[in-house]
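Next comes query38.pdb, with PDB, C-alpha atoms.
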ATOM      1  CA  MET A1089       9.869  21.767 -22.357  1.00  0.00           C
ATOM      2  CA  PRO A1090       9.769  24.240 -19.460  1.00  0.00           C
ATOM      3  CA  ALA A1091      13.059  25.866 -20.560  1.00  0.00           C
ATOM      4  CA  GLU A1092      11.573  26.515 -23.996  1.00  0.00           C
ATOM      5  CA  ALA A1093       8.216  27.812 -22.735  1.00  0.00           C
ATOM      6  CA  ASP A1094       7.276  31.406 -22.170  1.00  0.00           C
ATOM      7  CA  ASP A1095       4.871  30.382 -19.394  1.00  0.00           C
ATOM      8  CA  VAL A1096       6.587  27.826 -17.164  1.00  0.00           C
ATOM      9  CA  VAL A1097       3.494  27.311 -14.989  1.00  0.00           C
ATOM     10  CA  HIS A1098       1.388  26.463 -18.042  1.00  0.00           C
ATOM     11  CA  ALA A1099       4.108  24.095 -19.291  1.00  0.00           C
ATOM     12  CA  ALA A1100       4.112  22.373 -15.890  1.00  0.00           C
ATOM     13  CA  GLU A1101       0.314  22.020 -15.990  1.00  0.00           C
ATOM     14  CA  VAL A1102       0.538  20.442 -19.446  1.00  0.00           C
ATOM     15  CA  ALA A1103       3.299  18.081 -18.287  1.00  0.00           C
ATOM     16  CA  ILE A1104       1.284  17.019 -15.231  1.00  0.00           C
ATOM     17  CA  GLY A1105      -1.793  16.458 -17.387  1.00  0.00           C
ATOM     18  CA  GLN A1106       0.175  14.333 -19.827  1.00  0.00           C
ATOM     19  CA  THR A1107       1.722  12.340 -16.987  1.00  0.00           C
ATOM     20  CA  VAL A1108      -1.742  11.583 -15.572  1.00  0.00           C
ATOM     21  CA  GLN A1109      -2.950  10.528 -19.031  1.00  0.00           C
ATOM     22  CA  VAL A1110       0.054   8.236 -19.469  1.00  0.00           C
ATOM     23  CA  ALA A1111      -0.496   6.687 -16.026  1.00  0.00           C
ATOM     24  CA  ARG A1112      -4.202   6.103 -16.731  1.00  0.00           C
ATOM     25  CA  ALA A1113      -3.460   4.532 -20.127  1.00  0.00           C
ATOM     26  CA  GLY A1114      -0.764   2.336 -18.601  1.00  0.00           C
ATOM     27  CA  TYR A1115      -3.105   1.221 -15.831  1.00  0.00           C
ATOM     28  CA  ARG A1116      -5.894   0.453 -18.298  1.00  0.00           C
ATOM     29  CA  GLY A1117      -3.429  -1.476 -20.460  1.00  0.00           C
ATOM     30  CA  GLY A1118      -2.247  -3.624 -17.581  1.00  0.00           C
ATOM     31  CA  SER A1119      -3.617  -7.024 -16.683  1.00  0.00           C
ATOM     32  CA  ARG A1120      -5.882  -7.514 -13.662  1.00  0.00           C
ATOM     33  CA  ARG A1121      -2.992  -9.146 -11.789  1.00  0.00           C
ATOM     34  CA  GLU A1122      -0.684  -6.214 -12.517  1.00  0.00           C
ATOM     35  CA  ASN A1123      -3.317  -3.705 -11.468  1.00  0.00           C
ATOM     36  CA  ALA A1124      -4.112  -5.692  -8.325  1.00  0.00           C
ATOM     37  CA  LEU A1125      -0.416  -5.751  -7.389  1.00  0.00           C
ATOM     38  CA  LEU A1126      -0.046  -2.045  -8.108  1.00  0.00           C
ATOM     39  CA  ASN A1127      -3.154  -1.263  -6.023  1.00  0.00           C
ATOM     40  CA  LEU A1128      -1.794  -3.459  -3.234  1.00  0.00           C
ATOM     41  CA  LEU A1129       1.580  -1.703  -3.330  1.00  0.00           C
ATOM     42  CA  LEU A1130       0.069   1.803  -3.367  1.00  0.00           C
ATOM     43  CA  ALA A1131      -2.406   1.039  -0.563  1.00  0.00           C
ATOM     44  CA  PHE A1132       0.304  -0.690   1.487  1.00  0.00           C
ATOM     45  CA  THR A1133       2.777   2.177   1.076  1.00  0.00           C
ATOM     46  CA  ALA A1134       0.256   4.968   1.715  1.00  0.00           C
ATOM     47  CA  THR A1135      -1.111   3.189   4.781  1.00  0.00           C
ATOM     48  CA  PHE A1136       2.330   2.526   6.248  1.00  0.00           C
ATOM     49  CA  VAL A1137       3.378   6.163   5.819  1.00  0.00           C
ATOM     50  CA  SER A1138       0.036   7.398   7.184  1.00  0.00           C
ATOM     51  CA  ALA A1139       0.132   5.026  10.170  1.00  0.00           C
ATOM     52  CA  ARG A1140       3.665   6.048  11.110  1.00  0.00           C
ATOM     53  CA  ALA A1141       2.895   9.763  10.717  1.00  0.00           C
ATOM     54  CA  SER A1142      -0.401   9.636  12.603  1.00  0.00           C
ATOM     55  CA  THR A1143       1.019   7.573  15.475  1.00  0.00           C
ATOM     56  CA  ALA A1144       3.868  10.077  15.803  1.00  0.00           C
ATOM     57  CA  VAL A1145       1.354  12.929  16.014  1.00  0.00           C
ATOM     58  CA  LEU A1146      -0.849  10.959  18.435  1.00  0.00           C
ATOM     59  CA  ARG A1147       2.151  10.252  20.624  1.00  0.00           C
ATOM     60  CA  ALA A1148       3.169  13.909  20.669  1.00  0.00           C
ATOM     61  CA  ARG A1149      -0.263  15.547  20.951  1.00  0.00           C
ATOM     62  CA  GLY A1150      -2.642  12.833  22.150  1.00  0.00           C
ATOM     63  CA  HIS A1151      -5.003  13.435  19.233  1.00  0.00           C
ATOM     64  CA  PHE A1152      -4.901  13.952  15.494  1.00  0.00           C
ATOM     65  CA  GLY A1153      -8.071  15.601  14.218  1.00  0.00           C
ATOM     66  CA  PRO A1154     -10.823  13.105  15.058  1.00  0.00           C
ATOM     67  CA  PHE A1155      -8.274  10.331  15.752  1.00  0.00           C
ATOM     68  CA  ARG A1156      -7.286   9.295  19.240  1.00  0.00           C
ATOM     69  CA  ASP A1157      -5.907   6.139  20.808  1.00  0.00           C
ATOM     70  CA  VAL A1158      -8.568   3.448  20.890  1.00  0.00           C
ATOM     71  CA  VAL A1159      -9.042   2.036  24.362  1.00  0.00           C
ATOM     72  CA  ALA A1160     -11.319  -0.758  25.591  1.00  0.00           C
ATOM     73  CA  GLY A1161     -11.381  -0.672  29.375  1.00  0.00           C
ATOM     74  CA  ASP A1162      -7.726  -0.508  30.389  1.00  0.00           C
ATOM     75  CA  ASP A1163      -6.483  -2.003  27.119  1.00  0.00           C
ATOM     76  CA  HIS A1164      -5.062  -0.013  24.220  1.00  0.00           C
ATOM     77  CA  ILE A1165      -6.259  -1.440  20.903  1.00  0.00           C
ATOM     78  CA  HIS A1166      -3.284  -1.370  18.565  1.00  0.00           C
ATOM     79  CA  HIS A1167      -3.779  -0.797  14.841  1.00  0.00           C
ATOM     80  CA  PHE A1168      -2.689  -4.337  13.992  1.00  0.00           C
ATOM     81  CA  VAL A1169      -6.097  -5.529  15.292  1.00  0.00           C
ATOM     82  CA  PRO A1170      -8.213  -3.789  12.626  1.00  0.00           C
ATOM     83  CA  GLY A1171      -5.373  -4.479  10.164  1.00  0.00           C
ATOM     84  CA  ILE A1172      -5.719  -8.224  10.622  1.00  0.00           C
ATOM     85  CA  ALA A1173      -9.510  -8.016  10.353  1.00  0.00           C
ATOM     86  CA  ILE A1174      -9.364  -5.893   7.172  1.00  0.00           C
ATOM     87  CA  ALA A1175      -6.785  -8.147   5.476  1.00  0.00           C
ATOM     88  CA  PHE A1176      -8.623 -11.347   6.432  1.00  0.00           C
ATOM     89  CA  LEU A1177     -11.946  -9.941   5.240  1.00  0.00           C
ATOM     90  CA  ALA A1178     -10.566  -8.746   1.879  1.00  0.00           C
ATOM     91  CA  GLY A1179      -8.755 -12.057   1.343  1.00  0.00           C
ATOM     92  CA  ALA A1180     -11.839 -14.062   2.265  1.00  0.00           C
ATOM     93  CA  VAL A1181     -14.066 -12.060  -0.089  1.00  0.00           C
ATOM     94  CA  SER A1182     -11.568 -12.622  -2.902  1.00  0.00           C
ATOM     95  CA  ILE A1183     -11.468 -16.357  -2.270  1.00  0.00           C
ATOM     96  CA  VAL A1184     -15.203 -16.815  -1.749  1.00  0.00           C
ATOM     97  CA  SER A1185     -16.252 -14.640  -4.695  1.00  0.00           C
ATOM     98  CA  ARG A1186     -14.023 -16.516  -7.167  1.00  0.00           C
ATOM     99  CA  ASP A1187     -14.331 -13.419  -9.349  1.00  0.00           C
ATOM    100  CA  ASP A1188     -10.887 -12.176 -10.356  1.00  0.00           C
ATOM    101  CA  ARG A1189     -12.456  -8.930 -11.600  1.00  0.00           C
ATOM    102  CA  LEU A1190     -12.801  -7.937  -7.934  1.00  0.00           C
ATOM    103  CA  ASP A1191      -9.140  -8.528  -7.092  1.00  0.00           C
ATOM    104  CA  PRO A1192      -7.826  -5.082  -8.161  1.00  0.00           C
ATOM    105  CA  PHE A1193     -10.437  -3.528  -5.837  1.00  0.00           C
ATOM    106  CA  LEU A1194      -9.931  -6.001  -2.984  1.00  0.00           C
ATOM    107  CA  ALA A1195      -6.164  -5.449  -3.188  1.00  0.00           C
ATOM    108  CA  VAL A1196      -6.681  -1.992  -1.675  1.00  0.00           C
ATOM    109  CA  PRO A1197      -8.201  -3.065   1.677  1.00  0.00           C
ATOM    110  CA  PHE A1198      -5.871  -6.068   1.728  1.00  0.00           C
ATOM    111  CA  GLY A1199      -2.846  -3.750   1.343  1.00  0.00           C
ATOM    112  CA  VAL A1200      -4.219  -1.445   4.043  1.00  0.00           C
ATOM    113  CA  GLY A1201      -4.725  -4.350   6.441  1.00  0.00           C
ATOM    114  CA  VAL A1202      -1.314  -5.879   5.810  1.00  0.00           C
ATOM    115  CA  ALA A1203       0.411  -2.509   6.280  1.00  0.00           C
ATOM    116  CA  LEU A1204      -1.398  -1.868   9.577  1.00  0.00           C
ATOM    117  CA  THR A1205      -0.431  -5.332  10.766  1.00  0.00           C
ATOM    118  CA  LEU A1206       3.213  -5.264   9.667  1.00  0.00           C
ATOM    119  CA  ASP A1207       3.687  -1.755  11.064  1.00  0.00           C
ATOM    120  CA  GLU A1208       3.303  -3.329  14.493  1.00  0.00           C
ATOM    121  CA  SER A1209       4.998  -6.633  13.722  1.00  0.00           C
ATOM    122  CA  ALA A1210       7.724  -6.046  16.333  1.00  0.00           C
ATOM    123  CA  LEU A1211       5.000  -5.711  18.957  1.00  0.00           C
ATOM    124  CA  LEU A1212       3.487  -9.000  17.758  1.00  0.00           C
ATOM    125  CA  LEU A1213       6.881 -10.743  17.842  1.00  0.00           C
ATOM    126  CA  LYS A1214       7.963  -9.373  21.228  1.00  0.00           C
ATOM    127  CA  LEU A1215       4.466  -9.447  22.794  1.00  0.00           C
ATOM    128  CA  ASP A1216       5.325  -6.098  24.332  1.00  0.00           C
ATOM    129  CA  ASP A1217       4.672  -2.526  23.232  1.00  0.00           C
ATOM    130  CA  VAL A1218       8.017  -1.792  21.570  1.00  0.00           C
ATOM    131  CA  TYR A1219       6.642   0.512  18.847  1.00  0.00           C
ATOM    132  CA  TRP A1220       8.745   3.571  19.790  1.00  0.00           C
ATOM    133  CA  THR A1221      11.811   1.712  21.060  1.00  0.00           C
ATOM    134  CA  ALA A1222      14.967   0.503  19.350  1.00  0.00           C
ATOM    135  CA  GLU A1223      13.355  -2.949  19.131  1.00  0.00           C
ATOM    136  CA  GLY A1224      10.444  -1.320  17.293  1.00  0.00           C
ATOM    137  CA  ILE A1225      12.748  -0.662  14.336  1.00  0.00           C
ATOM    138  CA  LEU A1226      12.108  -4.307  13.474  1.00  0.00           C
ATOM    139  CA  SER A1227       8.582  -3.330  12.363  1.00  0.00           C
ATOM    140  CA  ILE A1228       9.973  -0.747   9.973  1.00  0.00           C
ATOM    141  CA  GLN A1229      12.512  -3.227   8.627  1.00  0.00           C
ATOM    142  CA  ILE A1230       9.873  -5.921   8.075  1.00  0.00           C
ATOM    143  CA  THR A1231       7.500  -3.441   6.434  1.00  0.00           C
ATOM    144  CA  LEU A1232      10.155  -1.984   4.131  1.00  0.00           C
ATOM    145  CA  ALA A1233      11.322  -5.482   3.173  1.00  0.00           C
ATOM    146  CA  THR A1234       7.725  -6.417   2.348  1.00  0.00           C
ATOM    147  CA  MET A1235       7.310  -3.215   0.340  1.00  0.00           C
ATOM    148  CA  ALA A1236      10.476  -4.046  -1.599  1.00  0.00           C
ATOM    149  CA  MET A1237       9.260  -7.583  -2.297  1.00  0.00           C
ATOM    150  CA  ILE A1238       5.866  -6.356  -3.521  1.00  0.00           C
ATOM    151  CA  SER A1239       7.623  -3.777  -5.701  1.00  0.00           C
ATOM    152  CA  ALA A1240       9.951  -6.400  -7.146  1.00  0.00           C
ATOM    153  CA  LEU A1241       7.033  -8.730  -7.789  1.00  0.00           C
ATOM    154  CA  THR A1242       5.117  -5.942  -9.530  1.00  0.00           C
ATOM    155  CA  LEU A1243       8.093  -5.124 -11.733  1.00  0.00           C
ATOM    156  CA  ALA A1244       8.829  -8.780 -12.480  1.00  0.00           C
ATOM    157  CA  LEU A1245       5.221  -9.422 -13.424  1.00  0.00           C
ATOM    158  CA  ARG A1246       5.269  -6.445 -15.778  1.00  0.00           C
ATOM    159  CA  VAL A1247       8.496  -7.618 -17.418  1.00  0.00           C
ATOM    160  CA  LEU A1248       7.187 -11.163 -17.770  1.00  0.00           C
ATOM    161  CA  HIS A1249       3.894  -9.909 -19.189  1.00  0.00           C
ATOM    162  CA  ARG A1250       5.706  -7.813 -21.784  1.00  0.00           C
ATOM    163  CA  GLY A1251       8.031 -10.711 -22.633  1.00  0.00           C
ATOM    164  CA  GLU A1252       5.093 -13.094 -22.886  1.00  0.00           C
ATOM    165  CA  ARG A1253       3.407 -10.823 -25.436  1.00  0.00           C
ATOM    166  CA  GLU A1254       6.599 -10.471 -27.423  1.00  0.00           C
ATOM    167  CA  VAL A1255       7.481 -14.169 -27.458  1.00  0.00           C
ATOM    168  CA  LEU A1256       4.006 -15.583 -27.938  1.00  0.00           C
ATOM    169  CA  GLU A1257       2.846 -13.023 -30.507  1.00  0.00           C
ATOM    170  CA  HIS A1258       6.026 -13.055 -32.563  1.00  0.00           C
ATOM    171  CA  GLY A1259       7.267 -16.581 -31.796  1.00  0.00           C
TER     172      GLY A1259
END

When written as structure tokens, how does the structure in this file appear?
Amino acid sequence: MPAEADDVVHAAEVAIGQTVQVARAGYRGGSRRENALLNLLLAFTATFVSARASTAVLRARGHFGPFRDVVAGDDHIHHFVPGIAIAFLAGAVSIVSRDDRLDPFLAVPFGVGVALTLDESALLLKLDDVYWTAEGILSIQITLATMAMISALTLALRVLHRGEREVLEHG
């Protein structure tokens, strides 16, 4: 424990290392469905946070490192466009491949695509660029509700998996 250690930094390094080991072991011990859902949730959450942060910087500064608004002629290409393409492609590959071993990997681009799409869901519903308006809050609400549902599904699947092992192995 850090309070009992002479070198708190070393104790923190050990704790972080152990936490990473526990997370890896837990991931390896999970089913493909659990890992796919976890990958989906992590990709979805990271993409949503990144999209919101980068669009805020783009709005304020006009550029963000190599990123700028994508324009085709006079039209601004919103990030829901590549989001839909990425999600459809990942979903199609999963369906066509019929190989559930790919699903934990395909969950990542699927989560990215869904997050990019839902982040602009208010724009899709209103058919107007409401991203930075009060109406644009709807996108955040829809995305957070989806994140909560994916989280609940992940937790429920884990609980059911653990219960299944307990009941079927000991029943």

Please check which residues have atoms at most 12 Å from (5.6, -1.3, 7.7) in the file's coordinates, counting all atoms listed in the file, and write them as a compact mmCIF listing (two decimals) with C-alpha atoms, in the frame of the given file.
# COMPACT_ATOMS: atom_id res chain seq x y z
CA LEU A 1129 1.58 -1.70 -3.33
CA ALA A 1131 -2.41 1.04 -0.56
CA PHE A 1132 0.30 -0.69 1.49
CA THR A 1133 2.78 2.18 1.08
CA ALA A 1134 0.26 4.97 1.72
CA THR A 1135 -1.11 3.19 4.78
CA PHE A 1136 2.33 2.53 6.25
CA VAL A 1137 3.38 6.16 5.82
CA SER A 1138 0.04 7.40 7.18
CA ALA A 1139 0.13 5.03 10.17
CA ARG A 1140 3.66 6.05 11.11
CA ALA A 1141 2.90 9.76 10.72
CA HIS A 1167 -3.78 -0.80 14.84
CA PHE A 1168 -2.69 -4.34 13.99
CA GLY A 1171 -5.37 -4.48 10.16
CA GLY A 1199 -2.85 -3.75 1.34
CA VAL A 1200 -4.22 -1.44 4.04
CA GLY A 1201 -4.72 -4.35 6.44
CA VAL A 1202 -1.31 -5.88 5.81
CA ALA A 1203 0.41 -2.51 6.28
CA LEU A 1204 -1.40 -1.87 9.58
CA THR A 1205 -0.43 -5.33 10.77
CA LEU A 1206 3.21 -5.26 9.67
CA ASP A 1207 3.69 -1.76 11.06
CA GLU A 1208 3.30 -3.33 14.49
CA SER A 1209 5.00 -6.63 13.72
CA ALA A 1210 7.72 -6.05 16.33
CA TYR A 1219 6.64 0.51 18.85
CA GLY A 1224 10.44 -1.32 17.29
CA ILE A 1225 12.75 -0.66 14.34
CA LEU A 1226 12.11 -4.31 13.47
CA SER A 1227 8.58 -3.33 12.36
CA ILE A 1228 9.97 -0.75 9.97
CA GLN A 1229 12.51 -3.23 8.63
CA ILE A 1230 9.87 -5.92 8.07
CA THR A 1231 7.50 -3.44 6.43
CA LEU A 1232 10.15 -1.98 4.13
CA ALA A 1233 11.32 -5.48 3.17
CA THR A 1234 7.72 -6.42 2.35
CA MET A 1235 7.31 -3.22 0.34
CA ALA A 1236 10.48 -4.05 -1.60

Legend entry - Distance of CA of Pro1170 (chain A) from CA of Ser1142 (chain A), expressed in Å to one decimal place: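 Distance reported for this atom pair: 15.5 Å.
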
Inset, instruction - Return the single residue from A:Arg1189, A:Asn1127, A:Leu1194, A:Leu1212 that is closest to Val1169 (chain A), with distances computed using all atoms listed in the file. - result: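 Nearest to Val1169 (chain A): A:Leu1212.
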
Legend entry - Separation of CA of Asp1188 (chain A) from CA of Tyr1115 (chain A) in Å: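 Result for CA of Tyr1115 (chain A) versus CA of Asp1188 (chain A): 16.4 Å, one decimal.
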
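The environment of region 1151-1157 of chain A within 12 Å, counting all atoms listed in the file and disregarding residues fewer than 3 places along the same chain, consists of Ser1138, Ala1139, Ala1141, Ser1142, Thr1143, Ala1144, Val1145, Leu1146, Arg1147, Ala1148, Ala1160, Asp1162, Asp1163, His1164, Ile1165, His1166 and His1167 of chain A.
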
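Between CA of Thr1107 (chain A) and CA of Asp1191 (chain A) the interatomic distance comes to 25.5 Å.
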
Inset, instruction - Extract, using only C-alpha atoms, all DNA, RNA and protein residues at most 9 Å from Arg1246 (chain A), discarding same-chain residues fewer than 6 positions from it, and format them as a PyMOL selection string. - result: chain A and resi 1118-1119+1122

Legend entry - Pick from A:Asn1123, A:Glu1223, A:Val1110, A:Gly1117, whichever lies nearest to Leu1190 (chain A) using all atoms listed in the file: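 Result for the nearest residue to Leu1190 (chain A): A:Asn1123.
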
Legend entry - Polymer residues at most 12 Å from (-9.6, -12.6, -1.7) by only C-alpha atoms, as a ChimeraX atom specification: /A:1124,1174-1199

Would you mind putting back N, CA, C and O atoms on region 1102-1117 of chain A, then writing it out as a PDB file, in the frame of the given file?
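Saved file out07.pdb follows:
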ATOM      1  N   VAL A1102       0.644  21.342 -18.292  1.00  0.00           N
ATOM      2  CA  VAL A1102       0.538  20.442 -19.446  1.00  0.00           C
ATOM      3  C   VAL A1102       1.296  19.143 -19.153  1.00  0.00           C
ATOM      4  O   VAL A1102       0.794  18.040 -19.416  1.00  0.00           O
ATOM      5  N   ALA A1103       2.490  19.264 -18.598  1.00  0.00           N
ATOM      6  CA  ALA A1103       3.299  18.081 -18.287  1.00  0.00           C
ATOM      7  C   ALA A1103       2.601  17.190 -17.262  1.00  0.00           C
ATOM      8  O   ALA A1103       2.588  15.959 -17.404  1.00  0.00           O
ATOM      9  N   ILE A1104       2.003  17.791 -16.246  1.00  0.00           N
ATOM     10  CA  ILE A1104       1.284  17.019 -15.231  1.00  0.00           C
ATOM     11  C   ILE A1104       0.080  16.321 -15.863  1.00  0.00           C
ATOM     12  O   ILE A1104      -0.170  15.138 -15.619  1.00  0.00           O
ATOM     13  N   GLY A1105      -0.647  17.048 -16.698  1.00  0.00           N
ATOM     14  CA  GLY A1105      -1.793  16.458 -17.387  1.00  0.00           C
ATOM     15  C   GLY A1105      -1.392  15.280 -18.255  1.00  0.00           C
ATOM     16  O   GLY A1105      -2.069  14.237 -18.267  1.00  0.00           O
ATOM     17  N   GLN A1106      -0.303  15.426 -18.983  1.00  0.00           N
ATOM     18  CA  GLN A1106       0.175  14.333 -19.827  1.00  0.00           C
ATOM     19  C   GLN A1106       0.636  13.137 -18.985  1.00  0.00           C
ATOM     20  O   GLN A1106       0.387  11.988 -19.352  1.00  0.00           O
ATOM     21  N   THR A1107       1.272  13.411 -17.868  1.00  0.00           N
ATOM     22  CA  THR A1107       1.722  12.340 -16.987  1.00  0.00           C
ATOM     23  C   THR A1107       0.532  11.549 -16.449  1.00  0.00           C
ATOM     24  O   THR A1107       0.559  10.318 -16.409  1.00  0.00           O
ATOM     25  N   VAL A1108      -0.526  12.249 -16.061  1.00  0.00           N
ATOM     26  CA  VAL A1108      -1.742  11.583 -15.572  1.00  0.00           C
ATOM     27  C   VAL A1108      -2.363  10.745 -16.688  1.00  0.00           C
ATOM     28  O   VAL A1108      -2.784   9.603 -16.464  1.00  0.00           O
ATOM     29  N   GLN A1109      -2.399  11.281 -17.898  1.00  0.00           N
ATOM     30  CA  GLN A1109      -2.950  10.528 -19.031  1.00  0.00           C
ATOM     31  C   GLN A1109      -2.130   9.265 -19.300  1.00  0.00           C
ATOM     32  O   GLN A1109      -2.694   8.196 -19.560  1.00  0.00           O
ATOM     33  N   VAL A1110      -0.822   9.386 -19.252  1.00  0.00           N
ATOM     34  CA  VAL A1110       0.054   8.236 -19.469  1.00  0.00           C
ATOM     35  C   VAL A1110      -0.177   7.184 -18.381  1.00  0.00           C
ATOM     36  O   VAL A1110      -0.277   5.982 -18.671  1.00  0.00           O
ATOM     37  N   ALA A1111      -0.276   7.625 -17.134  1.00  0.00           N
ATOM     38  CA  ALA A1111      -0.496   6.687 -16.026  1.00  0.00           C
ATOM     39  C   ALA A1111      -1.838   5.972 -16.180  1.00  0.00           C
ATOM     40  O   ALA A1111      -1.927   4.753 -15.992  1.00  0.00           O
ATOM     41  N   ARG A1112      -2.877   6.717 -16.529  1.00  0.00           N
ATOM     42  CA  ARG A1112      -4.202   6.103 -16.731  1.00  0.00           C
ATOM     43  C   ARG A1112      -4.159   5.076 -17.861  1.00  0.00           C
ATOM     44  O   ARG A1112      -4.694   3.982 -17.731  1.00  0.00           O
ATOM     45  N   ALA A1113      -3.544   5.452 -18.985  1.00  0.00           N
ATOM     46  CA  ALA A1113      -3.460   4.532 -20.127  1.00  0.00           C
ATOM     47  C   ALA A1113      -2.657   3.294 -19.755  1.00  0.00           C
ATOM     48  O   ALA A1113      -3.035   2.168 -20.114  1.00  0.00           O
ATOM     49  N   GLY A1114      -1.571   3.472 -19.034  1.00  0.00           N
ATOM     50  CA  GLY A1114      -0.764   2.336 -18.601  1.00  0.00           C
ATOM     51  C   GLY A1114      -1.525   1.427 -17.664  1.00  0.00           C
ATOM     52  O   GLY A1114      -1.443   0.202 -17.758  1.00  0.00           O
ATOM     53  N   TYR A1115      -2.298   2.012 -16.764  1.00  0.00           N
ATOM     54  CA  TYR A1115      -3.105   1.221 -15.831  1.00  0.00           C
ATOM     55  C   TYR A1115      -4.177   0.435 -16.595  1.00  0.00           C
ATOM     56  O   TYR A1115      -4.367  -0.750 -16.372  1.00  0.00           O
ATOM     57  N   ARG A1116      -4.858   1.117 -17.503  1.00  0.00           N
ATOM     58  CA  ARG A1116      -5.894   0.453 -18.298  1.00  0.00           C
ATOM     59  C   ARG A1116      -5.306  -0.660 -19.163  1.00  0.00           C
ATOM     60  O   ARG A1116      -5.961  -1.661 -19.419  1.00  0.00           O
ATOM     61  N   GLY A1117      -4.073  -0.488 -19.610  1.00  0.00           N
ATOM     62  CA  GLY A1117      -3.429  -1.476 -20.460  1.00  0.00           C
ATOM     63  C   GLY A1117      -2.848  -2.655 -19.701  1.00  0.00           C
ATOM     64  O   GLY A1117      -2.454  -3.648 -20.300  1.00  0.00           O
TER      65      GLY A1117
END
